[in-house]
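K.L.:
This is run_35.cif (mmCIF, C-alpha atoms).
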data_protein
#
loop_
_atom_site.group_PDB
_atom_site.id
_atom_site.type_symbol
_atom_site.label_atom_id
_atom_site.label_comp_id
_atom_site.auth_asym_id
_atom_site.auth_seq_id
_atom_site.Cartn_x
_atom_site.Cartn_y
_atom_site.Cartn_z
ATOM 1 C CA MET A 1 22.353 16.430 15.346
ATOM 2 C CA ASP A 2 24.210 17.003 12.090
ATOM 3 C CA THR A 3 22.522 15.762 8.938
ATOM 4 C CA MET A 4 25.046 17.681 6.837
ATOM 5 C CA ALA A 5 27.795 15.557 8.372
ATOM 6 C CA VAL A 6 25.829 12.437 7.409
ATOM 7 C CA LYS A 7 25.596 13.633 3.819
ATOM 8 C CA ALA A 8 29.271 14.537 3.731
ATOM 9 C CA GLY A 9 30.183 11.133 5.118
ATOM 10 C CA LEU A 10 28.330 9.436 2.269
ATOM 11 C CA ALA A 11 29.857 11.544 -0.507
ATOM 12 C CA GLY A 12 31.303 9.468 -3.302
ATOM 13 C CA ARG A 13 30.078 6.097 -2.043
ATOM 14 C CA PHE A 14 26.280 6.342 -1.856
ATOM 15 C CA LYS A 15 24.647 5.207 -5.101
ATOM 16 C CA GLY A 16 21.083 6.094 -4.209
ATOM 17 C CA THR A 17 19.289 9.434 -3.803
ATOM 18 C CA LEU A 18 20.003 12.049 -1.128
ATOM 19 C CA MET A 19 17.774 15.099 -0.578
ATOM 20 C CA GLU A 20 17.407 17.852 2.027
ATOM 21 C CA ASP A 21 14.324 19.612 3.437
ATOM 22 C CA VAL A 22 11.941 17.258 1.624
ATOM 23 C CA PRO A 23 8.143 17.345 2.219
ATOM 24 C CA LEU A 24 7.065 13.904 3.381
ATOM 25 C CA ALA A 25 3.526 14.210 2.027
ATOM 26 C CA GLY A 26 4.758 12.648 -1.209
ATOM 27 C CA PHE A 27 6.116 9.605 0.620
ATOM 28 C CA CYS A 28 2.942 8.377 2.335
ATOM 29 C CA THR A 29 -0.485 7.278 1.163
ATOM 30 C CA PHE A 30 -2.282 9.934 3.254
ATOM 31 C CA GLY A 31 -0.583 12.686 1.233
ATOM 32 C CA ILE A 32 0.139 14.494 4.513
ATOM 33 C CA GLY A 33 3.404 15.400 6.216
ATOM 34 C CA GLY A 34 5.864 18.239 6.768
ATOM 35 C CA PRO A 35 9.525 18.282 5.736
ATOM 36 C CA ALA A 36 12.352 15.959 6.692
ATOM 37 C CA ASP A 37 15.739 17.506 7.342
ATOM 38 C CA PHE A 38 17.343 14.796 5.242
ATOM 39 C CA LEU A 39 15.950 11.981 3.095
ATOM 40 C CA ALA A 40 17.790 9.067 1.527
ATOM 41 C CA MET A 41 16.683 6.308 -0.837
ATOM 42 C CA PRO A 42 19.355 3.580 -0.843
ATOM 43 C CA ALA A 43 20.010 1.693 -4.075
ATOM 44 C CA ASP A 44 20.962 -1.593 -2.396
ATOM 45 C CA LEU A 45 21.890 -3.250 0.885
ATOM 46 C CA GLU A 46 25.417 -1.845 0.788
ATOM 47 C CA ASP A 47 23.959 1.645 0.478
ATOM 48 C CA LEU A 48 21.628 1.000 3.408
ATOM 49 C CA LYS A 49 24.455 -0.211 5.629
ATOM 50 C CA SER A 50 26.617 2.817 4.744
ATOM 51 C CA LEU A 51 23.735 5.157 5.444
ATOM 52 C CA LEU A 52 22.921 3.598 8.809
ATOM 53 C CA ALA A 53 26.572 3.702 9.849
ATOM 54 C CA ALA A 54 26.703 7.426 9.051
ATOM 55 C CA VAL A 55 23.421 8.161 10.849
ATOM 56 C CA VAL A 56 24.402 6.170 13.941
ATOM 57 C CA GLY A 57 27.851 7.748 13.965
ATOM 58 C CA GLU A 58 26.389 11.249 14.066
ATOM 59 C CA GLY A 59 23.582 10.434 16.508
ATOM 60 C CA VAL A 60 20.904 11.629 14.071
ATOM 61 C CA PRO A 61 17.266 10.579 14.742
ATOM 62 C CA LEU A 62 16.116 8.050 12.167
ATOM 63 C CA LEU A 63 12.761 7.248 10.541
ATOM 64 C CA VAL A 64 12.380 4.357 8.104
ATOM 65 C CA LEU A 65 9.537 4.325 5.568
ATOM 66 C CA GLY A 66 8.442 1.900 2.895
ATOM 67 C CA ARG A 67 5.322 2.988 1.011
ATOM 68 C CA GLY A 68 4.135 5.047 3.991
ATOM 69 C CA SER A 69 0.739 3.323 4.024
ATOM 70 C CA ASN A 70 0.262 3.004 7.773
ATOM 71 C CA VAL A 71 1.522 6.351 9.060
ATOM 72 C CA LEU A 72 0.365 9.836 9.910
ATOM 73 C CA ILE A 73 3.293 12.255 9.754
ATOM 74 C CA SER A 74 3.190 15.558 11.610
ATOM 75 C CA ASP A 75 2.701 18.819 9.735
ATOM 76 C CA ARG A 76 5.915 19.893 11.429
ATOM 77 C CA GLY A 77 7.787 17.095 9.696
ATOM 78 C CA PHE A 78 10.605 14.967 11.050
ATOM 79 C CA ARG A 79 13.758 16.440 12.541
ATOM 80 C CA GLY A 80 16.372 13.953 11.429
ATOM 81 C CA ALA A 81 17.061 11.501 8.620
ATOM 82 C CA VAL A 82 14.339 9.621 6.766
ATOM 83 C CA VAL A 83 15.245 6.425 4.930
ATOM 84 C CA VAL A 84 12.822 5.349 2.213
ATOM 85 C CA ILE A 85 13.288 1.697 1.254
ATOM 86 C CA GLY A 86 11.641 1.576 -2.138
ATOM 87 C CA ARG A 87 11.605 -0.286 -5.401
ATOM 88 C CA GLU A 88 15.392 -0.063 -5.767
ATOM 89 C CA MET A 89 15.461 -2.589 -2.913
ATOM 90 C CA GLY A 90 12.470 -4.549 -4.154
ATOM 91 C CA GLY A 91 13.874 -7.727 -5.675
ATOM 92 C CA VAL A 92 12.067 -11.062 -5.409
ATOM 93 C CA GLU A 93 13.247 -14.552 -6.343
ATOM 94 C CA LEU A 94 12.909 -18.249 -5.567
ATOM 95 C CA ASP A 95 15.658 -20.075 -3.730
ATOM 96 C CA ALA A 96 16.730 -23.659 -4.439
ATOM 97 C CA GLU A 97 13.929 -25.001 -2.191
ATOM 98 C CA ARG A 98 11.249 -22.873 -3.943
ATOM 99 C CA LYS A 99 10.958 -20.566 -0.985
ATOM 100 C CA VAL A 100 10.589 -16.862 -1.725
ATOM 101 C CA ASP A 101 13.303 -14.329 -0.934
ATOM 102 C CA VAL A 102 11.910 -10.804 -1.217
ATOM 103 C CA GLU A 103 13.552 -7.487 -0.400
ATOM 104 C CA SER A 104 11.583 -5.254 1.924
ATOM 105 C CA GLY A 105 11.053 -2.495 -0.643
ATOM 106 C CA CYS A 106 8.980 -4.739 -2.905
ATOM 107 C CA GLY A 107 5.360 -3.618 -2.985
ATOM 108 C CA LEU A 108 3.151 -6.199 -1.273
ATOM 109 C CA ASP A 109 0.722 -6.276 -4.175
ATOM 110 C CA ARG A 110 3.608 -6.770 -6.623
ATOM 111 C CA LEU A 111 4.836 -9.687 -4.516
ATOM 112 C CA ILE A 112 1.369 -11.250 -4.610
ATOM 113 C CA THR A 113 1.045 -11.008 -8.400
ATOM 114 C CA TRP A 114 4.575 -12.414 -8.784
ATOM 115 C CA ALA A 115 3.692 -15.334 -6.502
ATOM 116 C CA ILE A 116 0.516 -16.084 -8.448
ATOM 117 C CA ASP A 117 2.446 -16.035 -11.728
ATOM 118 C CA SER A 118 4.856 -18.508 -10.103
ATOM 119 C CA GLY A 119 2.013 -20.782 -8.980
ATOM 120 C CA LEU A 120 2.575 -20.016 -5.286
ATOM 121 C CA GLY A 121 -0.370 -19.288 -3.034
ATOM 122 C CA GLY A 122 -1.201 -18.008 0.418
ATOM 123 C CA LEU A 123 -1.097 -14.227 0.134
ATOM 124 C CA GLU A 124 -4.060 -13.640 -2.210
ATOM 125 C CA LYS A 125 -6.401 -12.313 0.510
ATOM 126 C CA LEU A 126 -3.930 -9.463 1.101
ATOM 127 C CA SER A 127 -4.320 -8.237 -2.491
ATOM 128 C CA GLY A 128 -4.729 -4.494 -2.795
ATOM 129 C CA ILE A 129 -2.982 -3.576 0.471
ATOM 130 C CA PRO A 130 -0.841 -0.620 -0.671
ATOM 131 C CA GLY A 131 2.213 -1.091 1.556
ATOM 132 C CA SER A 132 5.675 -2.516 1.060
ATOM 133 C CA THR A 133 6.565 -6.065 2.038
ATOM 134 C CA GLY A 134 8.773 -4.786 4.879
ATOM 135 C CA GLY A 135 5.994 -2.621 6.247
ATOM 136 C CA ALA A 136 3.483 -5.453 5.917
ATOM 137 C CA VAL A 137 5.740 -7.776 7.909
ATOM 138 C CA ARG A 138 6.444 -5.197 10.620
ATOM 139 C CA MET A 139 2.730 -4.673 11.298
ATOM 140 C CA ASN A 140 1.684 -8.234 10.378
ATOM 141 C CA ALA A 141 -0.680 -6.918 7.726
ATOM 142 C CA GLY A 142 -3.798 -8.949 7.157
ATOM 143 C CA ALA A 143 -7.236 -9.091 5.579
ATOM 144 C CA LEU A 144 -10.178 -11.483 5.338
ATOM 145 C CA GLY A 145 -8.896 -13.650 8.168
ATOM 146 C CA SER A 146 -5.368 -14.057 6.821
ATOM 147 C CA SER A 147 -2.102 -12.336 7.744
ATOM 148 C CA ILE A 148 1.379 -12.305 6.268
ATOM 149 C CA GLY A 149 3.008 -13.650 9.433
ATOM 150 C CA GLU A 150 1.506 -17.081 8.741
ATOM 151 C CA TYR A 151 3.839 -17.482 5.750
ATOM 152 C CA ILE A 152 7.069 -16.056 7.149
ATOM 153 C CA GLU A 153 10.059 -18.340 7.617
ATOM 154 C CA GLY A 154 12.723 -15.703 8.270
ATOM 155 C CA VAL A 155 13.115 -11.939 8.580
ATOM 156 C CA TYR A 156 16.490 -10.334 7.868
ATOM 157 C CA VAL A 157 17.144 -7.159 9.854
ATOM 158 C CA LEU A 158 19.866 -4.647 10.537
ATOM 159 C CA SER A 159 19.643 -4.024 14.280
ATOM 160 C CA LEU A 160 20.961 -0.765 15.689
ATOM 161 C CA ARG A 161 22.332 -1.581 19.123
ATOM 162 C CA GLY A 162 24.386 0.807 21.227
ATOM 163 C CA GLY A 163 26.012 2.572 18.313
ATOM 164 C CA SER A 164 26.683 -0.622 16.336
ATOM 165 C CA ILE A 165 24.842 -2.343 13.477
ATOM 166 C CA GLU A 166 24.163 -6.083 13.636
ATOM 167 C CA ASP A 167 23.000 -8.121 10.636
ATOM 168 C CA ARG A 168 20.579 -10.791 11.905
ATOM 169 C CA CYS A 169 18.107 -13.355 10.571
ATOM 170 C CA LEU A 170 15.106 -13.923 12.847
ATOM 171 C CA ASP A 171 12.750 -16.881 12.609
ATOM 172 C CA ARG A 172 8.976 -16.542 12.913
ATOM 173 C CA GLU A 173 8.961 -17.128 16.673
ATOM 174 C CA GLU A 174 11.633 -14.484 17.275
ATOM 175 C CA VAL A 175 9.649 -11.911 15.309
ATOM 176 C CA GLY A 176 6.625 -12.582 17.507
ATOM 177 C CA PHE A 177 3.711 -12.074 15.139
ATOM 178 C CA GLU A 178 0.523 -10.891 16.812
ATOM 179 C CA TYR A 179 -2.617 -9.160 15.588
ATOM 180 C CA ARG A 180 -1.390 -6.162 13.565
ATOM 181 C CA ARG A 181 1.943 -6.023 15.361
ATOM 182 C CA THR A 182 5.228 -7.803 15.984
ATOM 183 C CA GLU A 183 7.845 -7.783 18.719
ATOM 184 C CA LEU A 184 10.415 -6.160 16.421
ATOM 185 C CA GLU A 185 12.093 -3.100 17.902
ATOM 186 C CA GLU A 186 11.954 0.259 16.136
ATOM 187 C CA THR A 187 15.715 -0.142 15.742
ATOM 188 C CA ASP A 188 15.301 -3.408 13.773
ATOM 189 C CA LEU A 189 15.304 -2.449 10.090
ATOM 190 C CA ILE A 190 13.871 -5.137 7.828
ATOM 191 C CA TYR A 191 15.738 -5.515 4.536
ATOM 192 C CA LYS A 192 14.687 -8.984 3.348
ATOM 193 C CA VAL A 193 12.089 -11.642 4.102
ATOM 194 C CA LYS A 194 11.875 -15.355 3.356
ATOM 195 C CA LEU A 195 8.390 -16.791 2.826
ATOM 196 C CA GLU A 196 7.114 -20.334 2.482
ATOM 197 C CA LEU A 197 4.143 -20.394 0.102
ATOM 198 C CA GLN A 198 2.119 -23.330 -1.217
ATOM 199 C CA GLU A 199 2.142 -24.500 -4.818
ATOM 200 C CA ASP A 200 -1.307 -24.186 -6.395
ATOM 201 C CA ASP A 201 -3.067 -23.727 -9.706
ATOM 202 C CA LYS A 202 -2.482 -20.257 -11.143
ATOM 203 C CA SER A 203 -6.086 -19.822 -12.288
ATOM 204 C CA ILE A 204 -7.401 -20.640 -8.805
ATOM 205 C CA LEU A 205 -4.959 -18.192 -7.213
ATOM 206 C CA ALA A 206 -5.895 -15.467 -9.697
ATOM 207 C CA GLU A 207 -9.580 -15.944 -8.908
ATOM 208 C CA ARG A 208 -8.894 -15.629 -5.169
ATOM 209 C CA ARG A 209 -7.051 -12.403 -5.877
ATOM 210 C CA ARG A 210 -9.966 -11.057 -7.938
ATOM 211 C CA GLU A 211 -12.361 -11.885 -5.107
ATOM 212 C CA ALA A 212 -10.174 -10.087 -2.557
ATOM 213 C CA LEU A 213 -9.832 -7.009 -4.771
ATOM 214 C CA SER A 214 -13.580 -6.975 -5.389
ATOM 215 C CA TRP A 215 -14.254 -7.147 -1.641
ATOM 216 C CA ARG A 216 -11.819 -4.308 -1.026
ATOM 217 C CA LYS A 217 -13.381 -2.122 -3.722
ATOM 218 C CA GLU A 218 -16.872 -2.752 -2.346
ATOM 219 C CA ASN A 219 -16.035 -2.234 1.331
ATOM 220 C CA GLN A 220 -13.166 0.269 1.536
ATOM 221 C CA PRO A 221 -12.710 3.864 0.287
ATOM 222 C CA ILE A 222 -9.871 3.078 -2.107
ATOM 223 C CA GLY A 223 -10.507 6.172 -4.244
ATOM 224 C CA LEU A 224 -9.360 8.692 -1.604
ATOM 225 C CA PRO A 225 -6.015 9.077 0.207
ATOM 226 C CA SER A 226 -5.936 7.291 3.558
ATOM 227 C CA ALA A 227 -3.567 5.330 5.782
ATOM 228 C CA GLY A 228 -5.734 2.199 5.851
ATOM 229 C CA SER A 229 -7.500 1.115 9.022
ATOM 230 C CA VAL A 230 -7.014 3.733 11.724
ATOM 231 C CA PHE A 231 -7.787 1.588 14.791
ATOM 232 C CA ARG A 232 -7.036 -1.984 15.794
ATOM 233 C CA ASN A 233 -10.101 -4.146 16.277
ATOM 234 C CA PRO A 234 -10.740 -4.668 19.995
ATOM 235 C CA GLN A 235 -11.241 -8.223 21.228
ATOM 236 C CA ARG A 236 -14.528 -9.689 19.971
ATOM 237 C CA ALA A 237 -15.478 -6.433 18.250
ATOM 238 C CA SER A 238 -14.961 -4.458 15.065
ATOM 239 C CA ALA A 239 -13.602 -0.925 15.386
ATOM 240 C CA GLY A 240 -15.528 0.087 12.273
ATOM 241 C CA GLU A 241 -18.815 -1.225 13.649
ATOM 242 C CA LEU A 242 -18.292 0.521 16.986
ATOM 243 C CA ILE A 243 -17.640 3.832 15.226
ATOM 244 C CA ASP A 244 -20.631 3.315 12.937
ATOM 245 C CA ARG A 245 -22.935 2.603 15.901
ATOM 246 C CA CYS A 246 -22.002 6.034 17.249
ATOM 247 C CA GLY A 247 -23.151 7.643 14.000
ATOM 248 C CA LEU A 248 -19.706 9.032 13.241
ATOM 249 C CA LYS A 249 -19.514 8.315 9.524
ATOM 250 C CA GLY A 250 -19.054 11.654 7.792
ATOM 251 C CA MET A 251 -17.627 13.408 10.862
ATOM 252 C CA ARG A 252 -15.181 16.017 9.599
ATOM 253 C CA VAL A 253 -12.265 18.082 10.835
ATOM 254 C CA GLY A 254 -10.941 20.291 8.058
ATOM 255 C CA GLY A 255 -10.175 18.054 5.087
ATOM 256 C CA ALA A 256 -10.196 14.860 7.175
ATOM 257 C CA VAL A 257 -13.412 12.820 7.176
ATOM 258 C CA VAL A 258 -14.542 9.508 8.680
ATOM 259 C CA SER A 259 -15.329 7.476 5.568
ATOM 260 C CA GLU A 260 -18.977 6.907 4.680
ATOM 261 C CA LYS A 261 -18.001 3.525 3.207
ATOM 262 C CA HIS A 262 -15.942 2.155 6.121
ATOM 263 C CA ALA A 263 -15.964 3.867 9.507
ATOM 264 C CA ASN A 264 -12.467 2.654 10.446
ATOM 265 C CA PHE A 265 -10.982 4.712 7.616
ATOM 266 C CA ILE A 266 -10.254 8.420 7.762
ATOM 267 C CA VAL A 267 -9.848 9.910 4.294
ATOM 268 C CA ASN A 268 -8.125 13.030 3.050
ATOM 269 C CA THR A 269 -10.781 14.787 0.979
ATOM 270 C CA GLY A 270 -8.317 17.488 -0.045
ATOM 271 C CA GLY A 271 -5.877 19.619 1.888
ATOM 272 C CA ALA A 272 -6.234 17.747 5.178
ATOM 273 C CA SER A 273 -3.471 18.423 7.695
ATOM 274 C CA ALA A 274 -2.016 15.948 10.160
ATOM 275 C CA ASP A 275 -3.588 17.986 12.951
ATOM 276 C CA ASP A 276 -6.993 17.650 11.222
ATOM 277 C CA VAL A 277 -6.609 13.874 11.191
ATOM 278 C CA TYR A 278 -5.259 13.718 14.729
ATOM 279 C CA ARG A 279 -8.100 15.811 16.169
ATOM 280 C CA LEU A 280 -10.596 13.620 14.347
ATOM 281 C CA ILE A 281 -8.942 10.467 15.744
ATOM 282 C CA GLU A 282 -9.157 11.878 19.266
ATOM 283 C CA ARG A 283 -12.805 12.858 18.808
ATOM 284 C CA VAL A 284 -13.725 9.380 17.541
ATOM 285 C CA LYS A 285 -11.925 7.739 20.464
ATOM 286 C CA ASP A 286 -13.716 10.004 22.931
ATOM 287 C CA VAL A 287 -17.204 9.321 21.523
ATOM 288 C CA VAL A 288 -16.676 5.539 21.264
ATOM 289 C CA SER A 289 -15.350 5.455 24.817
ATOM 290 C CA ARG A 290 -18.372 7.319 26.196
ATOM 291 C CA GLU A 291 -21.066 5.615 24.137
ATOM 292 C CA GLN A 292 -19.690 2.089 23.690
ATOM 293 C CA GLY A 293 -17.390 1.738 26.697
ATOM 294 C CA VAL A 294 -14.446 0.692 24.499
ATOM 295 C CA GLU A 295 -11.048 2.375 24.364
ATOM 296 C CA LEU A 296 -9.876 2.306 20.757
ATOM 297 C CA GLU A 297 -6.162 1.950 20.036
ATOM 298 C CA GLU A 298 -4.507 3.337 16.917
ATOM 299 C CA GLU A 299 -3.251 0.886 14.321
ATOM 300 C CA ILE A 300 -1.547 3.628 12.309
ATOM 301 C CA ARG A 301 1.772 5.053 13.508
ATOM 302 C CA LEU A 302 1.744 8.686 14.642
ATOM 303 C CA ILE A 303 5.069 10.298 13.742
ATOM 304 C CA GLY A 304 6.130 13.643 15.174
ATOM 305 C CA VAL A 305 4.303 16.295 17.201
ATOM 306 C CA MET A 306 0.525 16.111 16.846
ATOM 307 C CA GLY A 307 -2.480 18.098 17.934
ATOM 308 C CA GLU A 308 -3.710 21.635 18.240
ATOM 309 C CA ASP A 309 -6.950 22.920 19.732
ATOM 310 C CA GLY A 310 -9.546 23.544 17.079
ATOM 311 C CA PRO A 311 -13.171 23.002 16.062
ATOM 312 C CA TRP A 312 -14.664 19.767 14.806
ATOM 313 C CA SER A 313 -17.919 19.137 13.032
ATOM 314 C CA ALA A 314 -20.115 16.118 12.370
#
Spit out the file's structure as structure tokens when you get a sec.

P.N.:
Amino acid sequence: MDTMAVKAGLAGRFKGTLMEDVPLAGFCTFGIGGPADFLAMPADLEDLKSLLAAVVGEGVPLLVLGRGSNVLISDRGFRGAVVVIGREMGGVELDAERKVDVESGCGLDRLITWAIDSGLGGLEKLSGIPGSTGGAVRMNAGALGSSIGEYIEGVYVLSLRGGSIEDRCLDREEVGFEYRRTELEETDLIYKVKLELQEDDKSILAERRREALSWRKENQPIGLPSAGSVFRNPQRASAGELIDRCGLKGMRVGGAVVSEKHANFIVNTGGASADDVYRLIERVKDVVSREQGVELEEEIRLIGVMGEDGPWSA
């Protein structure tokens, strides 16, 4: 693995930002994460393709982040190259058929406000979700009975296959949208999405957005760092309700605490480590399994080496 060779290979032709030994805590909503050997923020699609070619050519492990809103990154960091697809790749526009072309780095909430201003509806219930559009599509983000996959017409990806990079456009069926997941491979990097939204009155759309934001403020701990919902809802059950029934709100490991407002959120109350969060996740899973007979499954992505023996407290 040679991240220096990757950097050297990009010299003079990469327009974005390149950094070494960068703490990843500043690139995720949890505010937790050790250093990456190498981090790049491409300025455009050409940059992204050049970067991927260099990474693949050197056989360097790769991690792609958007807003980092659905991840827990190890305290030990990531040994390889991290690509952050951010606002530099966050353009959004209407095509000739009034369908929406949006780059994956566009913040989901920014996309929603843009759509409302354009009189296009469908995504308002997702208001306030702090991820990027690419991340939202990859995990089929949803809220209040709606999910982004319902409005997808095409997903543009760069697929890393056997040392080569293939530029592909996948339709909704090929992406395989399911509850909080898709059939996309880890090696499929989303760079653009086409959505089909419905024309509607701007004032009605804005009111729907206000209602969604109000619900989120009332029901979720938006004032503290978190990664969103920790567990997927089991069939015919709510993960938050199961955790609450076990009396686990307020359970703490170090700076990580099960939210008093919503039991399916773990919040960073200050100085929480990834191992704090991971041990708390494991404790919650163990208690819910024993007391409710349900095996909870993580919705958030666990990146890197996790877990050390240590105390927990309720």

K.L.:
Closest to Leu39 of chain A among A:Val82, A:Ala212, A:Ala96, A:Val60, using only C-alpha atoms?

P.N.:
A:Val82

K.L.:
Run the PyMOL selection byres ((chain A and resi 198) around 12) against the file shown and list the residues it catches, as a list in words.

P.N.:
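Evaluating the PyMOL selection byres ((chain A and resi 198) around 12) on this file yields Glu97, Arg98, Lys99, Val100, Ala115, Ile116, Ser118, Gly119, Leu120, Gly121, Gly122, Leu123, Glu124, Glu150, Tyr151, Leu195, Glu196, Leu197, Glu199, Asp200, Asp201, Lys202 and Leu205 of chain A.
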
K.L.:
What does the structure give for the distance between atom CA of Glu299 of chain A and atom CA of Leu248 of chain A, in Å to one decimal?

P.N.:
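Atom CA of Leu248 of chain A lies at a distance of 18.4 Å from atom CA of Glu299 of chain A.
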
K.L.:
Evaluate the PyMOL selection byres ((chain A and resi 275) around 8) against this structure - the residues, as a list in words, please.

P.N.:
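Taken over the shown coordinates, the PyMOL selection byres ((chain A and resi 275) around 8) returns Ser74, Asp75, Ser273, Ala274, Asp276, Val277, Tyr278, Arg279, Met306, Gly307 and Glu308 of chain A.
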
K.L.:
If you apply the PyMOL selection byres ((chain A and resi 262-267) around 9) to this file, what residues do you get, as a ChimeraX atom specification?

P.N.:
/A:30,219-221,224-232,238-244,248-250,255-261,268-270,272,277,280-281

K.L.:
Keeping only C-alpha atoms, write those residues as a short mmCIF file (atom, residue, chain, number, x, y, z; two decimals), keeping the file's coordinate frame.

P.N.:
data_model
loop_
_atom_site.label_atom_id
_atom_site.label_comp_id
_atom_site.auth_asym_id
_atom_site.auth_seq_id
_atom_site.Cartn_x
_atom_site.Cartn_y
_atom_site.Cartn_z
CA PHE A 30 -2.28 9.93 3.25
CA ASN A 219 -16.04 -2.23 1.33
CA GLN A 220 -13.17 0.27 1.54
CA PRO A 221 -12.71 3.86 0.29
CA LEU A 224 -9.36 8.69 -1.60
CA PRO A 225 -6.02 9.08 0.21
CA SER A 226 -5.94 7.29 3.56
CA ALA A 227 -3.57 5.33 5.78
CA GLY A 228 -5.73 2.20 5.85
CA SER A 229 -7.50 1.12 9.02
CA VAL A 230 -7.01 3.73 11.72
CA PHE A 231 -7.79 1.59 14.79
CA ARG A 232 -7.04 -1.98 15.79
CA SER A 238 -14.96 -4.46 15.06
CA ALA A 239 -13.60 -0.92 15.39
CA GLY A 240 -15.53 0.09 12.27
CA GLU A 241 -18.82 -1.23 13.65
CA LEU A 242 -18.29 0.52 16.99
CA ILE A 243 -17.64 3.83 15.23
CA ASP A 244 -20.63 3.32 12.94
CA LEU A 248 -19.71 9.03 13.24
CA LYS A 249 -19.51 8.32 9.52
CA GLY A 250 -19.05 11.65 7.79
CA GLY A 255 -10.18 18.05 5.09
CA ALA A 256 -10.20 14.86 7.18
CA VAL A 257 -13.41 12.82 7.18
CA VAL A 258 -14.54 9.51 8.68
CA SER A 259 -15.33 7.48 5.57
CA GLU A 260 -18.98 6.91 4.68
CA LYS A 261 -18.00 3.52 3.21
CA ASN A 268 -8.12 13.03 3.05
CA THR A 269 -10.78 14.79 0.98
CA GLY A 270 -8.32 17.49 -0.04
CA ALA A 272 -6.23 17.75 5.18
CA VAL A 277 -6.61 13.87 11.19
CA LEU A 280 -10.60 13.62 14.35
CA ILE A 281 -8.94 10.47 15.74
#

K.L.:
Distance cut-off 12 Å, centre (27.9, 14.1, 5.3) in file coordinates, counting all atoms listed in the file: which residues qualify? Return them as a PyMOL selection string.

P.N.:
chain A and resi 1-14+18-20+38+40+50-51+53-55+57-58+60+81

K.L.:
Any idea what's packed within 9 Å of Ala36 of chain A, counting only C-alpha atoms, ignoring anything in its chain fewer than 5 positions away? Could you give it as a list of chain:residue names?

P.N.:
A:Glu20, A:Asp21, A:Val22, A:Pro23, A:Leu24, A:Arg76, A:Gly77, A:Phe78, A:Arg79, A:Gly80, A:Ala81, A:Val82

K.L.:
Between A:Ser147, A:Ile73, A:Glu298, A:Arg216, which has the minimum distance to Ile32 of chain A (counting all atoms listed in the file)?

P.N.:
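With all atoms listed in the file as the atom set, the closest residue is A:Ile73.
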
K.L.:
Using all atoms listed in the file, pick whichever of A:Pro61, A:Gly107, A:Gly247, A:Gly149 has the shortest atom-to-atom distance to Gly91 of chain A.

P.N.:
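Among the listed residues, the smallest separation from Gly91 of chain A belongs to A:Gly107.
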
K.L.:
May I ask for the distance between atom CA of Ile303 of chain A and atom CA of Glu185 of chain A, given in Å to one decimal place?

P.N.:
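Interatomic distance here is 15.7 Å.
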
K.L.:
Find, counting only C-alpha atoms, the residue in A:Val253, A:Val294, A:Met139, A:Leu213 that gets nearest to Glu178 of chain A.

P.N.:
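The closest residue to Glu178 of chain A is A:Met139.
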
K.L.:
To one decimal in Å, tell me the separation between atom CA of Asp95 of chain A and atom CA of Arg67 of chain A.

P.N.:
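Taking atom CA of Asp95 of chain A and atom CA of Arg67 of chain A, their separation equals 25.7 Å.
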
K.L.:
Would you place a box with edges along x, y and z of the file around all atoms of segment 79-94 of chain A listed there, add 8 Å to each of its six sides, and report the centre and edge lengths in Å to one decimal, as lines of an AutoDock Vina configuration file?

P.N.:
center_x = 14.3
center_y = -0.9
center_z = 3.1
size_x = 21.5
size_y = 50.7
size_z = 34.9

K.L.:
Identify which of the residues A:Glu218, A:Glu166, A:Glu173, A:Glu297 lies closest to Leu189 of chain A, counting all atoms listed in the file when measuring atom-to-atom distances.

P.N.:
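Selected residue with least distance to Leu189 of chain A: A:Glu166.
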
K.L.:
Would you list the contacts of Gly293 of chain A as a PyMOL selection string, taking every protein, DNA or RNA residue within 12 Å and counting all atoms listed in the file, but skipping same-chain residues closer than 6 positions in sequence?

P.N.:
chain A and resi 234+237+242-243+246+285-287

K.L.:
Fewer than 3 positions away in the same chain doesn't count, so skip those; otherwise give me all residues within 12 Å of Phe177 of chain A, counting only C-alpha atoms, as a CSV table (one decimal) with C-alpha atoms, in the coordinates of the input.

P.N.:
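Saved result, part-v9.csv, follows:
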chain,number,residue,atom,x,y,z
A,136,ALA,CA,3.5,-5.5,5.9
A,137,VAL,CA,5.7,-7.8,7.9
A,138,ARG,CA,6.4,-5.2,10.6
A,139,MET,CA,2.7,-4.7,11.3
A,140,ASN,CA,1.7,-8.2,10.4
A,141,ALA,CA,-0.7,-6.9,7.7
A,142,GLY,CA,-3.8,-8.9,7.2
A,147,SER,CA,-2.1,-12.3,7.7
A,148,ILE,CA,1.4,-12.3,6.3
A,149,GLY,CA,3.0,-13.6,9.4
A,150,GLU,CA,1.5,-17.1,8.7
A,151,TYR,CA,3.8,-17.5,5.8
A,152,ILE,CA,7.1,-16.1,7.1
A,153,GLU,CA,10.1,-18.3,7.6
A,154,GLY,CA,12.7,-15.7,8.3
A,155,VAL,CA,13.1,-11.9,8.6
A,170,LEU,CA,15.1,-13.9,12.8
A,171,ASP,CA,12.8,-16.9,12.6
A,172,ARG,CA,9.0,-16.5,12.9
A,173,GLU,CA,9.0,-17.1,16.7
A,174,GLU,CA,11.6,-14.5,17.3
A,180,ARG,CA,-1.4,-6.2,13.6
A,181,ARG,CA,1.9,-6.0,15.4
A,182,THR,CA,5.2,-7.8,16.0
A,183,GLU,CA,7.8,-7.8,18.7
A,184,LEU,CA,10.4,-6.2,16.4
